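Novice: Below: one structure in structure tokens.
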Amino acid sequence: MTLALHHYLILAAVLFCIGLLGAFSRRNAVVVLFSVEIMLNAANLNFIAFWRFGTNPELLHGPLFTLFTIAVAAAEVAVGLALVIAVYRHFRSVDLESLDTLKEE
Amino acid sequence: MITALTLAPLVAAILILAMPTQRARAVAMAGALVSFALTAWLLLQFDGKLTEVKVSWIEDLGIDYHVGLDGTNALVLLLAALLAPIAVWISWGHSDRPKTYFALLSLQFTGLFGTFTALNFFHWFIYWELALVPAFFLIKLFGKSEDRHKAAINFVLFTVLGSVAMLLGFIFLYQATDSFNFIKLPGVIEEKNVEVSSLIFVAILAGLWVKVPLAPLHIWQAPVYAAAPTPVVILLTGVMSKMGVYGLLRLIVPIFPDQLSQHADMLLGFALLTILWGAFLALRQTDLKKLLAFSSLNHVAYCVLGIGALGVATTGLKIEGAHELARQGVILQMFAHGLSAAGLFYLVGLLEQRAGHRNRDGFGGLCSVTPRFAAMFYILTFCSLGLPFLAGFAAEFLIFSGSFAVAPKVTAMATLGLLATAVFLMTMLQRVFTGPVNEQHQSMPDLTRNEILILTPILILVFWAGIYPKTWLAFSQTMP
Amino acid sequence: MTTEKLALIPLLPLLAAAVTSFMRDGKRASIFAIAALLVSCVLSLIAFNEAWGMAADDKPKLFTIPWLAIGGTAINFGFVLNPLTGAMAAMVTFVGSLIFIYSAGYMSHDKRMARFFCYLSLFAAGMLGVVLANSLILFFMCWEVVGVASYLLISFWNHKPEAAAAGKKAFIVTRVGDMGFFIGILLVFKVTGTLDFYTEAENGILQQYDLNSQMAFGFSAATVISFLLFVGAVGKSGQIPLHVWLPDAMEGPTPVSALIHAATMVAAGVFLVARTFPLFEAGGMLPLVAWVGAITALVAAFIALGQYDLKRILAYSTVSQLGLMMVGIGAAGVSVGMFHLLTHAFFKALLFLGAGSIILGCHDEQDIRKMGGLAKPMPLTTIAYLCGTLALVAFPFTSGFFSKDEILAGAWANNQPVFWVAALASLLTAVYMTRQCMYVFPGTYRGEHAPHESPKIMTVPLLILSVFALGLGALARGSILELFPGKPVTPHPGTVVAVSIAVALGGIALGFLIYRGRAIGQTADPLALKPFERKFWFDEIYEATVGRLWTLFTIISEQLNALLLFIRDLAVEVASRIGTGFAIGGDRKLIDSLAFDGMCARLRFAGRTVTRPQNGFLPGYLRLIALGAVLLTALVLWAK
Amino acid sequence: MNEVTAFWILAAISVIGALVAVRKRNLVHGVFALLVFFAGLAGLFLLLLAEFIAVVQILVYAGAVGILILFAIMLTDRVTGKDAFRVTSRGSFWGAIIALAVFLVILLPTIREIPLIENATPKDMIVEQSSVKELGTKLIEPYIVTIEVLALLLTAALIGAVTAAQGGRASEKGENTE
């Protein structure tokens with residue numbers, strides 16, 4: 001058996017959905033945040049896999065895009081955590097179920 | 001200038017909505033006065049030629065913004081501009097939802113002015129309907145009597161049905177001629193040799209027919225006049241009923257000369273029917289406002305008589321320009337009737353306000369209780385029944401002389417209407433003003449200074465137009 | 001005198017009317033009005049003097065004021081001075097002035113005296129306008145003004161329902177005639193293209209001689225026009241069948257009766273015929289005029305026999321005399337009719353003013369049965385009244401005698417049946433006047449309050465008028481007959497003179513014989529037969545015919561209106577039924593419950609379902625986003 | 001040890017790491033599991049011959065992000081989360097279902113395409129072409145503007161993060177002093 005593209009793709013899909021599951025089912029904002037990181041990483045895996053098995057690897061699109069994603073993800077984490085902290089200060093909680101002021105009463 | 005005078009009340013209406021309540025009437029008054037001043041200024045410079053403003057609007061459809069002033073509309077415009085401030089003045093003490101009231105009133109002025117000045121069907125029709133809508137709300141919201149809702153609905157239904165017919169007619173005409181321009185349409189029809197179908201004529205006539213109104217489509221009128229508040233009745237009878245006649249003069253006469261002459265007999269017949277019908281209806285009517293409404297019906301029908309006469313050829317007559325006599329008579333009659341009917345409705349409104357009812361037989365002897373009131377009422381009644389040296393006679397004489405020259409039998413029968421008018425108006429005077437004084441109205445107050453001031457311009461014009469109508473006829477002459 | 005000044009004659013009273021309408025003080029108003037009328041009287045006399053110098057066929061003096069000019073047609077006002085208008089104006093202003101002065105006394109206790117003089121002046125202005133007008137339209141306009149003033153004056157005491165009703169009746173009945181007149185004017189205008197009587201260019205109505213060649217309604221134009229004008233004249237001059245308003249008009253103050261309903265306005269109809277005489281002549285309508293006049297004279301004289309109201313007797317007498325004037329014009333020409341008109345104006349005004357004096361003296365009593373023996377307490381009034389009576393019954397050598405003689409002579413020459421009718425009317429005139437005098441003057445007073453003589457302001461005009469009533473005929477006879485158009489018959493046949501004198505004296509004798517020695521007022525009156533007393537049931541007949549017809553018309557029109565309303569309601573009903581049908585079948589069932597309401601319910605449900613996730617629960621939002629992504633992807637995949 | 005074995009091992013590490021990170025009640029434990037997941041992923045990158053990315057992955061995620069999250073946890077909630085009655089949110093069952101649906105949706109095309117991509121073989125010249133130098137050149141040459149924008153974004157994010165974290169404190173102070 002040789003490794004083919006679809007192995008990586010399926011793995012990435014599994015990882016993405018784990019991240020999704022986390023984002024959907026946890027109450028803690030921090031957990032949601034790192035679920036998002038998991039999803040991003042799954043996407044990165046796809047980029048790299050497509051690059052590796054793609055037609056024009058010399059263009060280095062996959063790694064470049066991944067780099068950007070990592071950079072943006074880092075920024076996102078920073079901002080996200082800052083927001084979590086801010087939310088926490090405001091509500092004394094990071095429980096997403098209690099953060100329902102968007103709802104119209 | 002014409003645009004400004006049309007839009008001034010509209011601006012006033014918008015301002016009224018934006019301003020505090022207590023300013024409403026002053027703003028409405030200002031709007032009306034501006035219109036009046038502009039109209040007066042325009043008329044002072046008027047030389048009988050068409051003064052027009054024409055701006056291309058929707059070029060692809062040949063629709064222009066086109067307003068103008070000529071011999072056909074100068075006098076009715078003046079009438080409207082004169083009655084507008086009077087209507088506001090009369091409602092000066094109005095305290096029920098004044099913002100809505102004055103805004104609607106101002107809006108209606110715009111509709112009226114616009115209808116009288118527009119020369120392109122496109123926006124003419126908008127104004128035509130604009131005049132209707134505020135009237136509907138004014139009657140419905142501010143009317144006094146119980147059946148105002150029904151009356152208002154009736155009013156709108158009838159006139160809208162007529163308007164729809166007219167709109168259809170014009171759309172078909174437009175398809176044939178590619179023009180909405182009132183001034184150019186006759187030329188276009190002749191030039192392109194357009195076969196104008198009688199159906200178009202009848203459709204457009206129907207819209208005007210309802211507005212005039214001519215029998216048998218007059219039944220909306222009396223309940224509406226009875227239900228509407230006094231200032232609105234003044235506008236309705238003074239100006240809005242003239243919209244129909246003006247429409248006949250502006251649309252039917254120049255644009256459909258062939259159809260008009262084809263159907264002149266029909267028009268004359270219905271005019272006669274309306275004259276007699278209105279007069280006889282008024283004979284047994286005891287509600288003063290309805291009585292005057294029927295009298296209005298009868299008087300405006302004289303205008304239609306004159307217009308019908310315009311459709312009959314004048315060959316071989318000794319009177320030069322019998323058509324011109326009839327035409328100018330019609331215009332003067334609009335003016336005269338507008339003034340006298342407005343004045344009479346105002347007086348009846350005052351009477352109702354003072355006595356609490358307007359039953360003809362519920363008064364009596366008011367001559368000695370309220371002499372000034374009686375004097376005013378008598379003069380306006382005399383004007384209404386066409387006594388010489390008052391506006392009504394000059395106009396009716398012109399109409400009759402013009403129409404008698406071409407249609408003697410119908411006109412001779414129409415004089416029966418004059419007689420019947422005399423009978424019911426005299427009966428009204430007799431019941432209301434003479435005889436023993438009714439105990440209930442022993443202490444009815446006479447006209448106040450303010451009320452006399454309101455009536456003074458009307459009276460002056462009534463006399464002026466009766467004694468020296470030349471001044472006013474100068475406005476209805478058409479110069480090539 | 002320039003013709004422009006002619007315009008002042010009617011304008012001065014008009015000015016007075018305008019000014020007095022703002023006055024409150026009756027005395028000042030009366031002085032103002034009288035002064036204005038006196039000035040115009042002087043002007044009229046000057047004009048009259050000038051007109052007297054003209055020969056009958058001289059060109060009249062014209063003064064034209066353009067009123068309207070439309071489409072090449074000029075409608076002019078204008079005044080004309082010729083002997084006819086001059087004499088008439090002089091008479092109107094002169095008699096008018098005397099009556100004005102008399103009224104200042106008669107009305108001095110009325111608090112609306114100022115208004116009274118305003119109306120009187122308005123009337124005078126209108127009447128003078130009628131007299132002097134050179135244009136048919138001005139004539140008609142002033143004619144209508146006169147009608148209005150008459151209406152206002154008849155119903156002057158408008159708190160009395162009878163007065164108000166009488167005013168209305170007068171206005172409407174004369175208006176019936178006016179409508180004929182109006183149509184006549186329209187026809188004249190149509191046929192000739194002008195409304196001027198005379199023009200400088202000699203193409204006025206009365207100067208056109210081709211009217212007979214024109215046709216209108218199947219007759220010659222002149223016939224139709226003159227007939228229509230005559231209808232107007234019949235209305236105004238109270239000829240049968242439109243005479244019914246005139247006796248009722250006596251509800252007005254007595255000076256009004258004297259001025260308007262005896263001397264001037266009612267004569268306007270006769271004057272109209274006289275003015276437009278060429279049309280009548282051309283149209284061949286003179287026999288009709290004569291016959292209508294004769295019948296009117298006879299019928300009114302019969303009715304006068306049966307009346308007890310002092311003023312009503314005089315009113316019917318006026319109707320009768322107006323009929324005689326029509327006979328005069330119709331049978332003998334303008335000059336004869338106008339002569340009688342002028343003399344009648346004086347003696348009838350005198351009689352009315354005398355009657356007013358009597359009524360005032362008897363404390364507003366008008367029933368002759370309650371008078372009697374007035375000769376003693378009211379000597380001046382009695383003398384004046386008797387002078388008037390003599391003139392009216394055509395006692396030889398009074399003014400009435402001369403004028404009536406001419407009429408009878410003309411009728412004898414042209415139309416013998418009319419002559420006999422007129423003679424009979426004259427006989428009756430003498431009888432009813434004698435009857436009246438027998439009731440009023442001799443014997444004892446039958447009323448309650450003692451009668452008294454009237455003040456000087458009233459008696460002096462009476463005496464002045466008496467002089468004219470007696471003397472005018474002899475004075476003016478020759479010149480009037482010469483100056484006015486139409487040649488009287490000369491010399492008078494013996495039969496005519498004999499009959500004339502016989503009817504006057506015989507009538508007086510007859511009346512004297514019948515009433516002498518009777519217990520007047522207690523026993524039944526031998527001459528007040530039922531038909532006379534009930535005025536030949538004219539009012540009742542009108543009520544039963546014209547009135548009924550009129551009511552029928554109103555009811556028909558009302559019912560038609562109701563029918564229309566019903567049709568409208570029906571249409572609305574049908575429309576709403578159809579609408580309801582659609583509403584139930586289509587709307588409620590199909591659209592509402594299935595489509596609209598159903599959809600709404602479903603939407604609401606879906607909305608509730610959809611809004612349930614909108615709960616601020618962030619993971620929920622995420623889930624929905626994911627769900628959306630899934631669905632979209634599924635869609636894309638499926639689409640492939 | 002061949003590639004396939006390495007792949008499966010790394011895949012197992014990643015999946016288990018991710019699952020633990022998502023499901024663990026104790027957040028600190030979760031963070032550590034997350035670090036494991038990051039490391040596993042880095043291994044996968046290596047397996048795909050993207051050494052530089054793998055290094056960056058370790059540096060940024062395992063190093064920076066992990067630490068950051070730890071700090072955030074410290075600063076906010078109870079580390080253990082024991083006070084919470086339950087860690088899963090309402091309707092997490094539906095969340096799981098939807099996640100599964102997404103998974104299927106993603107999986108479906110992949111599986112469908114398997115016959116097409118099965119034979120796609122990695123090209124070997126990629127080794128030298130994926131050198132760091134090459135990457136640097138490729139990064140600078142066409143994407144210089146993007147880099148700059150990204151740099152700006154990072155700076156902005158930093159400032160934003162600081163402001164957001166501090167702003168809350170400021171308002172808290174304000175509340176306290178009142």
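Residues are named by chain letter and number: chains run A, B, ... in the order of the structure tokens, numbers start at 1 in each chain, and ligands are numbered from 1 in the order shown.
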For stretch 33-46 of chain C, list every protein, DNA or RNA residue within 6 Å, evaluated using only C-alpha atoms, and leave out those in the same chain fewer than 6 positions away; present the list as a list in words.

Specialist: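 Close residues of stretch 33-46 of chain C: Ile9, Leu12, Pro13, Ala16, Ala89, Ala90, Thr93 and Phe94 of chain C.
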
Novice: Which residues come within 7 Å of C:Asp178, counting only C-alpha atoms, excluding same-chain residues fewer than 3 positions away, as a PyMOL selection string?

Specialist: chain C and resi 174-175+181-182+232+235

Novice: Which residue, B:Ala228, B:Leu43, B:Cys367, B:Val239, has the smallest gap to B:Val76 when you use only C-alpha atoms?

Specialist: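 Closest to B:Val76, using only C-alpha atoms: B:Val239.
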
Novice: Based on the backbone DSSP call, show me all residues of stretch 34-244 of chain B assigned strand (DSSP E), as a list in words.

Specialist: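 Listing strand (DSSP E) positions across stretch 34-244 of chain B yields Thr51, Glu52, Val53, Lys54, Val55, Ser56, Trp57, Ile58, Ile63, Asp64, Tyr65, His66, Val67, Gly68 and Leu69 of chain B.
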
Novice: Save the residues we just selected, C-alpha atoms, as a CSV table (one decimal), in the first residue's frame?

Specialist:
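Contents of the output file out36.csv:
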```csv
chain,number,residue,atom,x,y,z
B,51,THR,CA,-47.4,81.6,-21.3
B,52,GLU,CA,-45.8,78.3,-20.9
B,53,VAL,CA,-42.9,76.5,-19.3
B,54,LYS,CA,-41.8,73.3,-20.9
B,55,VAL,CA,-39.0,71.1,-19.7
B,56,SER,CA,-38.2,67.8,-21.3
B,57,TRP,CA,-38.8,65.1,-18.8
B,58,ILE,CA,-39.1,61.6,-20.1
B,63,ILE,CA,-43.4,63.4,-21.9
B,64,ASP,CA,-42.5,67.0,-20.9
B,65,TYR,CA,-43.1,68.9,-17.8
B,66,HIS,CA,-45.3,71.4,-19.4
B,67,VAL,CA,-47.3,74.1,-17.6
B,68,GLY,CA,-48.9,77.1,-19.0
B,69,LEU,CA,-51.4,79.9,-18.7
```

Novice: Considering only C-alpha atoms, state which residue in the set A:Ala71, A:Leu81, A:Ile38, A:Leu45 is at the smallest distance from D:Leu59.

Specialist: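 Smallest separation from D:Leu59 among the options: A:Ala71.
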